[in-house]
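Novice: Please find entry03.cif (mmCIF, C-alpha atoms and all ligand atoms) on the next line:
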```cif
data_entry
loop_
_atom_site.label_atom_id
_atom_site.label_comp_id
_atom_site.auth_asym_id
_atom_site.auth_seq_id
_atom_site.Cartn_x
_atom_site.Cartn_y
_atom_site.Cartn_z
CA MET A 608 23.86 62.19 -27.75
CA LYS A 609 27.00 61.92 -29.82
CA LEU A 610 28.19 65.03 -31.58
CA TYR A 611 29.87 64.81 -34.94
CA GLU A 612 33.56 65.66 -34.98
CA ALA A 613 32.97 69.07 -36.58
CA SER A 614 30.37 70.07 -33.96
CA ALA A 615 32.55 68.78 -31.12
CA LYS A 616 35.47 70.82 -32.46
CA LYS A 617 33.32 73.94 -32.44
CA VAL A 618 32.59 73.40 -28.77
CA PHE A 619 36.28 72.72 -28.10
CA GLN A 620 37.12 76.01 -29.75
CA GLU A 621 34.63 77.91 -27.61
CA PHE A 622 36.50 76.64 -24.58
CA GLY A 623 39.82 77.83 -25.92
CA LEU A 624 41.19 74.51 -27.16
CA SER A 625 43.30 74.55 -30.33
CA ILE A 626 41.79 72.87 -33.36
CA PRO A 627 43.00 72.75 -36.97
CA LYS A 628 41.73 75.31 -39.45
CA GLY A 629 38.89 73.72 -41.38
CA ARG A 630 35.40 73.85 -42.90
CA LEU A 631 32.60 71.43 -43.73
CA VAL A 632 31.48 70.66 -47.26
CA THR A 633 28.38 68.86 -48.42
CA ASP A 634 28.89 69.57 -52.11
CA PRO A 635 32.10 68.64 -53.99
CA LEU A 636 31.79 71.94 -55.86
CA ASP A 637 32.56 73.83 -52.66
CA THR A 638 35.86 72.01 -52.29
CA GLN A 639 37.95 74.55 -54.18
CA LYS A 640 36.81 77.49 -52.06
CA VAL A 641 37.48 75.64 -48.81
CA VAL A 642 40.84 74.22 -49.88
CA GLU A 643 42.00 77.70 -50.92
CA GLU A 644 41.05 78.82 -47.44
CA VAL A 645 42.72 76.03 -45.44
CA GLY A 646 45.62 75.48 -47.83
CA VAL A 647 47.32 72.38 -49.24
CA PRO A 648 48.17 69.76 -48.30
CA CYS A 649 44.82 69.19 -46.64
CA VAL A 650 43.04 66.36 -44.87
CA MET A 651 39.49 65.23 -45.63
CA LYS A 652 37.50 63.61 -42.87
CA ALA A 653 34.16 61.83 -43.33
CA GLN A 654 31.64 63.05 -40.76
CA VAL A 655 30.02 59.86 -39.50
CA LEU A 656 29.21 58.68 -36.01
CA ALA A 657 31.57 55.74 -36.19
CA GLY A 658 35.13 55.31 -35.00
CA GLY A 659 38.09 53.83 -36.80
CA ARG A 660 37.92 56.18 -39.76
CA GLY A 661 41.68 56.46 -39.99
CA LYS A 662 42.08 52.72 -40.39
CA GLY A 663 39.04 52.37 -42.63
CA GLY A 664 39.98 54.92 -45.30
CA ALA A 665 37.57 57.64 -44.20
CA ILE A 666 40.43 60.06 -43.45
CA ARG A 667 42.23 61.05 -46.64
CA PHE A 668 44.88 63.51 -47.69
CA ALA A 669 45.29 65.63 -50.80
CA GLY A 670 48.09 67.73 -52.20
CA SER A 671 46.08 69.80 -54.65
CA VAL A 672 42.61 71.27 -55.14
CA GLU A 673 41.98 68.82 -57.97
CA GLU A 674 42.90 65.81 -55.87
CA ALA A 675 40.82 67.13 -52.98
CA ARG A 676 37.77 67.59 -55.18
CA GLU A 677 38.00 64.04 -56.51
CA THR A 678 38.41 62.63 -53.01
CA VAL A 679 35.51 64.65 -51.60
CA GLN A 680 33.32 63.57 -54.50
CA SER A 681 34.06 59.90 -53.96
CA MET A 682 33.61 60.21 -50.19
CA LEU A 683 30.23 61.94 -50.50
CA SER A 684 28.92 59.15 -52.69
CA SER A 685 30.00 56.34 -50.41
CA ARG A 686 29.28 54.86 -47.02
CA PHE A 687 31.39 54.15 -43.99
CA LYS A 688 30.43 51.27 -41.67
CA GLY A 689 26.90 51.48 -43.02
CA PHE A 690 26.54 55.24 -42.56
CA PRO A 691 26.08 57.41 -45.64
CA ILE A 692 28.75 60.14 -45.76
CA ARG A 693 26.84 63.40 -46.13
CA ARG A 694 29.49 65.84 -44.97
CA VAL A 695 33.24 66.02 -45.20
CA LEU A 696 35.42 68.15 -42.94
CA ILE A 697 38.32 69.64 -44.88
CA GLU A 698 41.20 70.77 -42.69
CA GLU A 699 44.77 71.96 -43.01
CA LYS A 700 47.09 68.97 -42.79
CA LEU A 701 49.10 69.21 -39.59
CA ASP A 702 52.78 68.33 -39.55
CA ILE A 703 52.72 65.78 -36.80
CA ASP A 704 55.65 65.13 -34.52
CA LYS A 705 53.78 63.00 -31.93
CA GLU A 706 50.24 61.79 -31.28
CA PHE A 707 48.85 61.58 -27.74
CA PHE A 708 45.57 60.49 -26.23
CA MET A 709 43.59 62.70 -23.85
CA GLY A 710 40.10 61.84 -22.68
CA ILE A 711 37.65 62.26 -19.83
CA VAL A 712 34.87 59.75 -19.20
CA THR A 713 32.26 59.30 -16.53
CA ASP A 714 33.34 56.16 -14.71
CA ARG A 715 30.31 54.45 -13.21
CA ASP A 716 32.29 52.18 -10.91
CA LEU A 717 34.35 55.03 -9.50
CA GLU A 718 31.30 57.32 -9.56
CA SER A 719 33.50 60.10 -10.80
CA PRO A 720 35.04 61.64 -13.89
CA LEU A 721 38.14 59.76 -14.99
CA ILE A 722 41.00 61.35 -16.87
CA ILE A 723 42.74 59.07 -19.33
CA VAL A 724 46.02 60.11 -20.89
CA SER A 725 48.51 58.27 -23.01
CA PRO A 726 51.74 59.32 -24.73
CA VAL A 727 50.91 57.01 -27.63
CA GLY A 728 47.54 58.09 -29.06
CA GLY A 729 46.11 57.78 -32.52
CA VAL A 730 44.40 54.98 -34.37
CA GLU A 731 46.09 52.21 -32.36
CA ILE A 732 44.96 53.39 -28.92
CA GLU A 733 42.71 50.39 -28.22
CA GLU A 734 45.52 47.98 -29.05
CA ILE A 735 48.00 49.92 -26.95
CA ALA A 736 45.64 50.03 -23.98
CA LYS A 737 45.18 46.26 -24.23
CA ARG A 738 48.81 45.27 -24.81
CA THR A 739 50.61 47.81 -22.67
CA PRO A 740 48.16 49.15 -20.07
CA ALA A 741 51.08 50.81 -18.28
CA LYS A 742 51.20 53.32 -21.14
CA VAL A 743 47.80 54.64 -20.14
CA ALA A 744 47.45 56.85 -17.07
CA ARG A 745 44.07 56.99 -15.32
CA ILE A 746 43.34 59.69 -12.80
CA PRO A 747 39.95 59.95 -11.10
CA VAL A 748 38.71 63.43 -10.26
CA ASN A 749 36.50 64.29 -7.34
CA PRO A 750 33.45 65.82 -9.05
CA VAL A 751 32.72 68.09 -6.08
CA PHE A 752 36.09 69.84 -6.21
CA GLY A 753 36.71 69.53 -9.94
CA LEU A 754 40.09 69.08 -11.57
CA ALA A 755 42.83 70.53 -9.39
CA ASP A 756 46.02 71.89 -10.89
CA TYR A 757 48.11 69.27 -9.16
CA GLU A 758 45.94 66.52 -10.70
CA ALA A 759 46.47 67.94 -14.17
CA ARG A 760 50.21 67.93 -13.50
CA LEU A 761 49.98 64.42 -12.10
CA ALA A 762 48.34 63.28 -15.34
CA PHE A 763 51.24 64.73 -17.26
CA PHE A 764 53.91 63.00 -15.17
CA ARG A 765 52.08 59.67 -14.90
CA ALA A 766 51.74 59.49 -18.64
CA GLY A 767 55.42 60.22 -19.17
CA LEU A 768 54.95 62.90 -21.79
CA PRO A 769 57.85 64.90 -23.26
CA SER A 770 58.71 67.81 -20.98
CA LYS A 771 58.47 70.47 -23.69
CA VAL A 772 54.67 70.05 -23.86
CA PHE A 773 54.21 70.48 -20.11
CA PRO A 774 52.60 73.96 -20.01
CA SER A 775 50.36 73.47 -23.03
CA PHE A 776 49.38 69.97 -21.93
CA VAL A 777 48.22 71.12 -18.49
CA ASP A 778 46.33 74.01 -20.04
CA THR A 779 44.67 71.71 -22.61
CA LEU A 780 43.62 69.18 -20.00
CA LYS A 781 42.06 71.86 -17.82
CA ARG A 782 40.11 73.23 -20.76
CA LEU A 783 38.98 69.77 -21.79
CA TYR A 784 37.74 69.18 -18.26
CA ARG A 785 35.73 72.41 -18.52
CA VAL A 786 34.17 71.12 -21.74
CA TYR A 787 33.31 67.84 -20.04
CA TRP A 788 31.79 69.53 -17.02
CA ALA A 789 29.98 72.42 -18.69
CA CYS A 790 28.42 70.22 -21.39
CA GLU A 791 27.49 67.46 -18.91
CA ALA A 792 29.34 65.01 -21.11
CA GLU A 793 29.60 61.27 -20.62
CA LEU A 794 32.77 61.27 -22.63
CA THR A 795 35.04 63.74 -24.30
CA GLU A 796 38.21 62.93 -26.10
CA ALA A 797 41.01 64.38 -28.20
CA ASN A 798 42.58 61.46 -30.03
CA PRO A 799 44.98 62.23 -31.38
CA LEU A 800 46.04 65.23 -29.42
CA VAL A 801 48.84 66.25 -31.70
CA LEU A 802 52.22 67.84 -31.10
CA THR A 803 53.12 69.56 -34.35
CA THR A 804 56.67 69.84 -35.62
CA ASP A 805 56.56 73.55 -34.76
CA GLY A 806 55.69 72.74 -31.15
CA ARG A 807 51.94 73.42 -30.94
CA LEU A 808 49.47 71.12 -29.17
CA ILE A 809 46.31 70.68 -31.26
CA CYS A 810 43.16 68.53 -31.00
CA ALA A 811 43.28 66.79 -34.38
CA ASP A 812 40.16 64.77 -33.60
CA ALA A 813 37.33 65.50 -31.18
CA ARG A 814 34.65 63.44 -29.55
CA LEU A 815 31.91 64.73 -27.29
CA ASN A 816 29.01 62.60 -26.04
CA ILE A 817 26.42 64.44 -23.98
CA ASP A 818 24.35 62.77 -21.28
CA ASP A 819 20.86 62.50 -22.81
CA SER A 820 19.20 63.20 -19.47
CA ALA A 821 20.95 66.58 -19.33
CA LEU A 822 20.20 67.61 -22.90
CA PHE A 823 17.27 69.81 -21.93
CA ARG A 824 19.80 72.09 -20.24
CA HIS A 825 21.78 72.41 -23.47
CA PRO A 826 19.36 73.52 -26.16
CA LYS A 827 22.23 74.98 -28.21
CA LEU A 828 24.03 71.65 -28.41
CA LYS A 829 20.82 69.89 -29.22
CA GLU A 830 20.22 72.25 -32.13
CA ALA A 831 23.80 71.87 -33.33
CA LYS A 832 23.14 68.18 -33.80
CA ILE A 833 22.95 67.53 -37.49
CA ILE A 834 20.04 65.29 -38.19
CA ASP A 835 21.11 62.33 -40.25
CA PRO A 836 17.95 60.70 -41.56
CA GLU A 837 19.50 57.28 -40.98
CA ASP A 838 20.61 57.92 -37.44
CA PRO A 839 18.36 55.88 -35.09
CA GLU A 840 18.18 58.77 -32.65
CA ALA A 841 16.87 61.01 -35.39
CA LEU A 842 14.50 58.38 -36.71
CA SER A 843 12.73 58.14 -33.38
CA LYS A 844 12.83 61.91 -32.75
CA GLY A 845 13.07 61.16 -29.08
CA ARG A 846 9.62 59.60 -29.01
CA PHE A 847 10.79 56.06 -28.43
CA ASN A 848 13.81 53.89 -28.01
CA TYR A 849 14.77 52.35 -31.32
CA VAL A 850 17.62 49.92 -31.83
CA PRO A 851 17.90 48.38 -35.30
CA LEU A 852 18.82 44.68 -35.39
CA GLU A 853 19.46 42.12 -38.07
CA GLY A 854 16.17 40.33 -38.72
CA ASN A 855 12.92 41.08 -40.54
CA ILE A 856 10.29 41.33 -37.79
CA GLY A 857 9.70 44.90 -36.61
CA ILE A 858 8.83 44.63 -32.94
CA ILE A 859 6.95 47.39 -31.14
CA SER A 860 6.19 47.12 -27.46
CA SER A 861 5.83 49.27 -24.36
CA GLY A 862 8.59 49.01 -21.80
CA ALA A 863 12.01 47.48 -22.23
CA GLY A 864 11.06 44.27 -20.41
CA SER A 865 8.04 43.72 -22.60
CA CYS A 866 10.17 44.35 -25.70
CA MET A 867 12.76 41.83 -24.57
CA ALA A 868 10.10 39.24 -23.78
CA THR A 869 8.58 39.73 -27.23
CA MET A 870 12.00 39.33 -28.81
CA ASP A 871 12.52 36.10 -26.86
CA LEU A 872 9.22 34.71 -28.09
CA VAL A 873 10.07 35.59 -31.68
CA HIS A 874 13.38 33.76 -31.32
CA GLU A 875 11.58 30.86 -29.68
CA LYS A 876 9.38 30.56 -32.77
CA GLY A 877 12.39 30.65 -35.10
CA GLY A 878 12.15 34.29 -36.20
CA LYS A 879 14.55 37.22 -36.10
CA PRO A 880 13.70 40.70 -34.76
CA ALA A 881 14.47 43.65 -37.03
CA CYS A 882 14.60 45.98 -34.08
CA PHE A 883 13.96 46.69 -30.47
CA LEU A 884 11.40 49.51 -30.33
CA ASP A 885 10.16 50.56 -26.93
CA GLY A 886 7.41 53.07 -27.63
CA HIS A 887 5.25 54.10 -24.75
CA LEU A 888 2.19 53.51 -26.89
CA THR A 889 -0.36 54.46 -24.31
CA MET A 890 1.28 57.70 -23.34
CA LYS A 891 1.37 60.08 -26.25
CA PRO A 892 -0.74 60.36 -29.36
CA GLY A 893 1.36 60.22 -32.51
CA THR A 894 3.81 57.68 -31.14
CA ALA A 895 2.07 54.68 -32.68
CA GLN A 896 2.02 56.33 -36.10
CA ALA A 897 5.66 57.43 -35.85
CA ALA A 898 6.75 53.95 -34.81
CA ILE A 899 4.72 52.05 -37.42
CA GLY A 900 5.69 54.59 -40.10
CA LEU A 901 9.36 54.21 -39.26
CA LEU A 902 9.25 50.42 -39.49
CA ALA A 903 7.17 50.52 -42.68
CA SER A 904 9.91 52.61 -44.29
CA ARG A 905 12.72 50.22 -43.40
CA PRO A 906 13.58 47.88 -46.28
CA GLU A 907 14.55 45.02 -43.96
CA VAL A 908 11.17 44.89 -42.19
CA ASN A 909 8.49 42.72 -43.81
CA VAL A 910 6.12 42.30 -40.88
CA ILE A 911 5.33 44.45 -37.84
CA LEU A 912 4.58 42.88 -34.49
CA ILE A 913 2.90 45.06 -31.87
CA SER A 914 2.60 43.18 -28.62
CA THR A 915 1.95 44.79 -25.30
CA TYR A 916 0.25 44.55 -21.95
CA THR A 917 -0.95 47.80 -20.52
CA GLY A 918 -2.55 49.05 -17.35
CA GLY A 919 -3.48 52.12 -19.39
CA ARG A 920 -6.33 51.93 -21.85
CA CYS A 921 -6.08 49.21 -24.49
CA GLU A 922 -8.94 50.67 -26.51
CA LYS A 923 -6.99 53.94 -26.92
CA VAL A 924 -3.96 52.05 -28.18
CA ALA A 925 -6.17 50.10 -30.60
CA GLU A 926 -7.61 53.34 -31.94
CA ARG A 927 -4.16 54.84 -32.40
CA ILE A 928 -2.89 51.78 -34.24
CA ILE A 929 -5.84 51.82 -36.60
CA ASP A 930 -5.57 55.56 -37.20
CA ALA A 931 -1.90 55.07 -37.99
CA MET A 932 -2.64 52.26 -40.45
CA LYS A 933 -5.28 54.41 -42.17
CA ASN A 934 -2.96 57.41 -42.40
CA LEU A 935 0.10 55.52 -43.59
CA SER A 936 -0.67 55.09 -47.25
CA GLN A 937 2.78 53.54 -47.86
CA LEU A 938 2.02 50.63 -45.53
CA ARG A 939 2.26 47.36 -47.50
CA ILE A 940 3.25 44.88 -44.82
CA PRO A 941 1.12 42.99 -42.30
CA VAL A 942 0.75 44.30 -38.76
CA VAL A 943 0.17 41.71 -36.04
CA VAL A 944 -1.43 43.20 -32.94
CA ARG A 945 -1.80 41.71 -29.49
CA LEU A 946 -3.20 43.98 -26.81
CA GLN A 947 -3.90 42.83 -23.29
CA GLY A 948 -4.68 44.63 -20.08
CA ARG A 949 -7.28 47.19 -19.09
CA ASN A 950 -10.33 47.30 -21.42
CA GLU A 951 -8.90 44.61 -23.67
CA ASP A 952 -12.32 43.38 -24.81
CA GLU A 953 -13.21 46.82 -26.03
CA ALA A 954 -9.87 46.98 -27.83
CA GLN A 955 -10.60 43.66 -29.57
CA GLU A 956 -13.91 45.03 -30.85
CA ILE A 957 -12.22 48.13 -32.21
CA LEU A 958 -9.52 46.10 -33.95
CA LYS A 959 -12.09 43.70 -35.45
CA SER A 960 -14.14 46.58 -36.81
CA TYR A 961 -11.22 47.69 -38.98
CA ASP A 962 -11.53 45.83 -42.20
CA SER A 963 -8.01 45.50 -43.59
CA PRO A 964 -6.17 42.41 -44.78
CA LEU A 965 -2.97 43.87 -43.30
CA LEU A 966 -4.23 43.80 -39.72
CA LYS A 967 -3.85 40.45 -37.94
CA ILE A 968 -5.20 40.11 -34.42
CA ALA A 969 -3.58 37.79 -31.90
CA LYS A 970 -4.84 36.87 -28.45
CA SER A 971 -1.64 36.01 -26.62
CA PRO A 972 2.04 36.98 -26.75
CA LEU A 973 2.99 33.55 -28.02
CA GLU A 974 0.30 33.47 -30.71
CA ALA A 975 1.38 36.95 -31.84
CA ALA A 976 5.03 35.91 -32.14
CA GLU A 977 4.05 32.78 -34.04
CA MET A 978 1.85 34.72 -36.48
CA ALA A 979 4.57 37.30 -37.12
CA VAL A 980 7.23 34.67 -37.76
CA ARG A 981 4.93 32.81 -40.17
CA LEU A 982 3.93 35.97 -42.06
CA GLY A 983 7.56 37.07 -42.22
CA GLU A 984 8.51 33.80 -43.86
CA LYS A 985 5.72 34.08 -46.41
CA HIS A 986 6.57 37.59 -47.48
CA GLU A 987 9.37 38.08 -49.95
CA TYR A 988 12.51 39.01 -48.05
CA PRO A 989 14.26 41.34 -48.18
CA ARG A 990 11.52 43.61 -49.44
CA LYS A 991 12.77 46.13 -52.01
P1 LIG A 1001 39.53 58.28 -36.32
O1 LIG A 1001 40.40 57.18 -36.85
O2 LIG A 1001 38.10 58.12 -36.74
O3 LIG A 1001 39.68 58.47 -34.84
O4 LIG A 1001 40.02 59.64 -37.03
P2 LIG A 1001 41.13 60.71 -36.60
O5 LIG A 1001 40.60 62.07 -36.82
O6 LIG A 1001 41.66 60.42 -35.23
O7 LIG A 1001 42.30 60.50 -37.66
C1 LIG A 1001 43.01 59.27 -37.74
C2 LIG A 1001 44.48 59.50 -38.00
O8 LIG A 1001 44.67 60.28 -39.17
C3 LIG A 1001 45.19 60.27 -36.90
O9 LIG A 1001 45.59 59.47 -35.82
C4 LIG A 1001 46.39 60.83 -37.65
O10 LIG A 1001 47.42 59.86 -37.72
C5 LIG A 1001 45.85 61.04 -39.05
N1 LIG A 1001 45.55 62.48 -39.21
C6 LIG A 1001 44.40 63.13 -38.93
N2 LIG A 1001 44.55 64.46 -39.19
C7 LIG A 1001 45.84 64.64 -39.62
C8 LIG A 1001 46.63 65.77 -40.02
O11 LIG A 1001 46.17 66.90 -40.04
N3 LIG A 1001 47.93 65.52 -40.41
C9 LIG A 1001 48.45 64.27 -40.40
N4 LIG A 1001 49.71 64.10 -40.77
N5 LIG A 1001 47.75 63.19 -40.02
C10 LIG A 1001 46.47 63.37 -39.63
MN MN A 1002 40.53 59.74 -33.55
#
```
I need this file expressed as structure tokens, please.
Ligand code: GDP
Ligand code: MN

Specialist:
Amino acid sequence: MKLYEASAKKVFQEFGLSIPKGRLVTDPLDTQKVVEEVGVPCVMKAQVLAGGRGKGGAIRFAGSVEEARETVQSMLSSRFKGFPIRRVLIEEKLDIDKEFFMGIVTDRDLESPLIIVSPVGGVEIEEIAKRTPAKVARIPVNPVFGLADYEARLAFFRAGLPSKVFPSFVDTLKRLYRVYWACEAELTEANPLVLTTDGRLICADARLNIDDSALFRHPKLKEAKIIDPEDPEALSKGRFNYVPLEGNIGIISSGAGSCMATMDLVHEKGGKPACFLDGHLTMKPGTAQAAIGLLASRPEVNVILISTYTGGRCEKVAERIIDAMKNLSQLRIPVVVRLQGRNEDEAQEILKSYDSPLLKIAKSPLEAAEMAVRLGEKHEYPRK
């Protein structure tokens, strides 16, 4: 789970890291109050789960309340990399002397946390890491012992940072490591970590990605997650794995392998999947309806293809699909269904008994893919 910058900064603050003074706004009318609080000049930062905001115009500055209000208004009515901007973080504008990079990631090859530090952070970090890898220090940490003081100092010297930041740098890194460890993060980052002209070290940006498998141990973080209705994680509400793609055929299957195979068949027949949706259909009631409902609400999807083989009970899945189709009054697109496995004959009977022109029954994976591709071509596309 990725936290938004503002939520990540809150966590940083709890662990004693320095962050800029700031507040979130969702309504341009609140701008004045917040700007009076944080002062001018201020910086306005779009809260979206996408990087590269600095380069893409989603980080803006203002010198007056009026200017700030106009900027916030225009930000809140626009999108960034496809994400609607629903919240803007307004912060005091820091007087920056230098920008550094400080991050900790879980390195799967090393099987350990890895500290990454660079004296040249900011929006160009990817370029710098590629062009001059020597400017990036990488220090693995033994997860059993945790970050030792000498390793924090080593990070400082390896990165070749200016000596005046030594004490605050070591302190910051140790705190960031505590964030990483306590939150069971996969990644945490301060980029830029800023040295202000008056000598303070401040996390001007914050990233914190929590390991999904550990989320149940962090109910507070889970609650802090702001639900963006267009965030795929939120759309699935944890019930299935949903990855939007570029095509028009909404694929639902059980198991990642089965999903991939269905996608391959769709490609084989000349179609394009609108998503990868792995929804353990046989497991929980409500999943079928949530999955079909989600795809029915997506403007890019003009046909749904449910194709699965199950050792569970096909007739149960059939019932759940039909219940979902009955309950979803907004459903206007065809649903191709292919169910094979245990009790498949019974499932066929149940599907056939449902008299709806939207339900199309297929007998094999290939036939199902073919039907979906054909129906997708027939339907107007994109559907508005
Ligand atoms: P990102 O591009 O999405 O990672 O957004 P960041 O929060 O890292 O901001 C991008 C860049 O904006 C930073 O590298 C800084 O150069 C600049 N920036 C952000 N906050 C401030 C600030 O308070 N003062 C100044 N002068 N620049 C800032
Ligand atoms: Mn950044």

Novice: Show me which residues line ligand LIG 1001 (chain A), defined as having an atom within 8 Å of a ligand atom where all atoms listed in the file count, and present them as an NGL selection string.

Specialist: :A and (627 or 649-650 or 652 or 657-663 or 665-667 or 698-703 or 706 or 728-730 or 798-799 or 811-813)

Novice: Just want the 10 Å neighbourhood of Ala897 (chain A), counted on only C-alpha atoms, with same-chain residues fewer than 3 positions away dropped. Output as JSON, numbers by chain.

Specialist: {"A": [842, 843, 844, 846, 847, 886, 892, 893, 894, 900, 901, 902, 903, 931, 935]}

Novice: Those residues you just picked out, can you put them in a file as a compact mmCIF listing (two decimals), in the frame of the given file with C-alpha atoms?

Specialist:
```
# COMPACT_ATOMS: atom_id res chain seq x y z
CA LEU A 842 14.50 58.38 -36.71
CA SER A 843 12.73 58.14 -33.38
CA LYS A 844 12.83 61.91 -32.75
CA ARG A 846 9.62 59.60 -29.01
CA PHE A 847 10.79 56.06 -28.43
CA GLY A 886 7.41 53.07 -27.63
CA PRO A 892 -0.74 60.36 -29.36
CA GLY A 893 1.36 60.22 -32.51
CA THR A 894 3.81 57.68 -31.14
CA GLY A 900 5.69 54.59 -40.10
CA LEU A 901 9.36 54.21 -39.26
CA LEU A 902 9.25 50.42 -39.49
CA ALA A 903 7.17 50.52 -42.68
CA ALA A 931 -1.90 55.07 -37.99
CA LEU A 935 0.10 55.52 -43.59
```

Novice: Which one is closest to ligand MN 1002 (chain A): A:Leu808, A:Leu636, A:Ala895, A:Leu656? Count only C-alpha atoms and all ligand atoms.

Specialist: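 With only C-alpha atoms and all ligand atoms as the atom set, the closest residue is A:Leu656.
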
Novice: Can you pull out every residue within 10 Å of region 732-737 of chain A, counting only C-alpha atoms, but drop anything in the same chain fewer than 5 positions away, and send it as a PyMOL selection string?

Specialist: chain A and resi 707-708+725-727+742-744+798-799

Novice: Using all atoms listed in the file, determine which residues lie at most 9 Å from Glu922 (chain A), disregarding the query and same-chain residues fewer than 4 positions distant; provide the list as a PyMOL selection string.

Specialist: chain A and resi 926-927+946+949-958
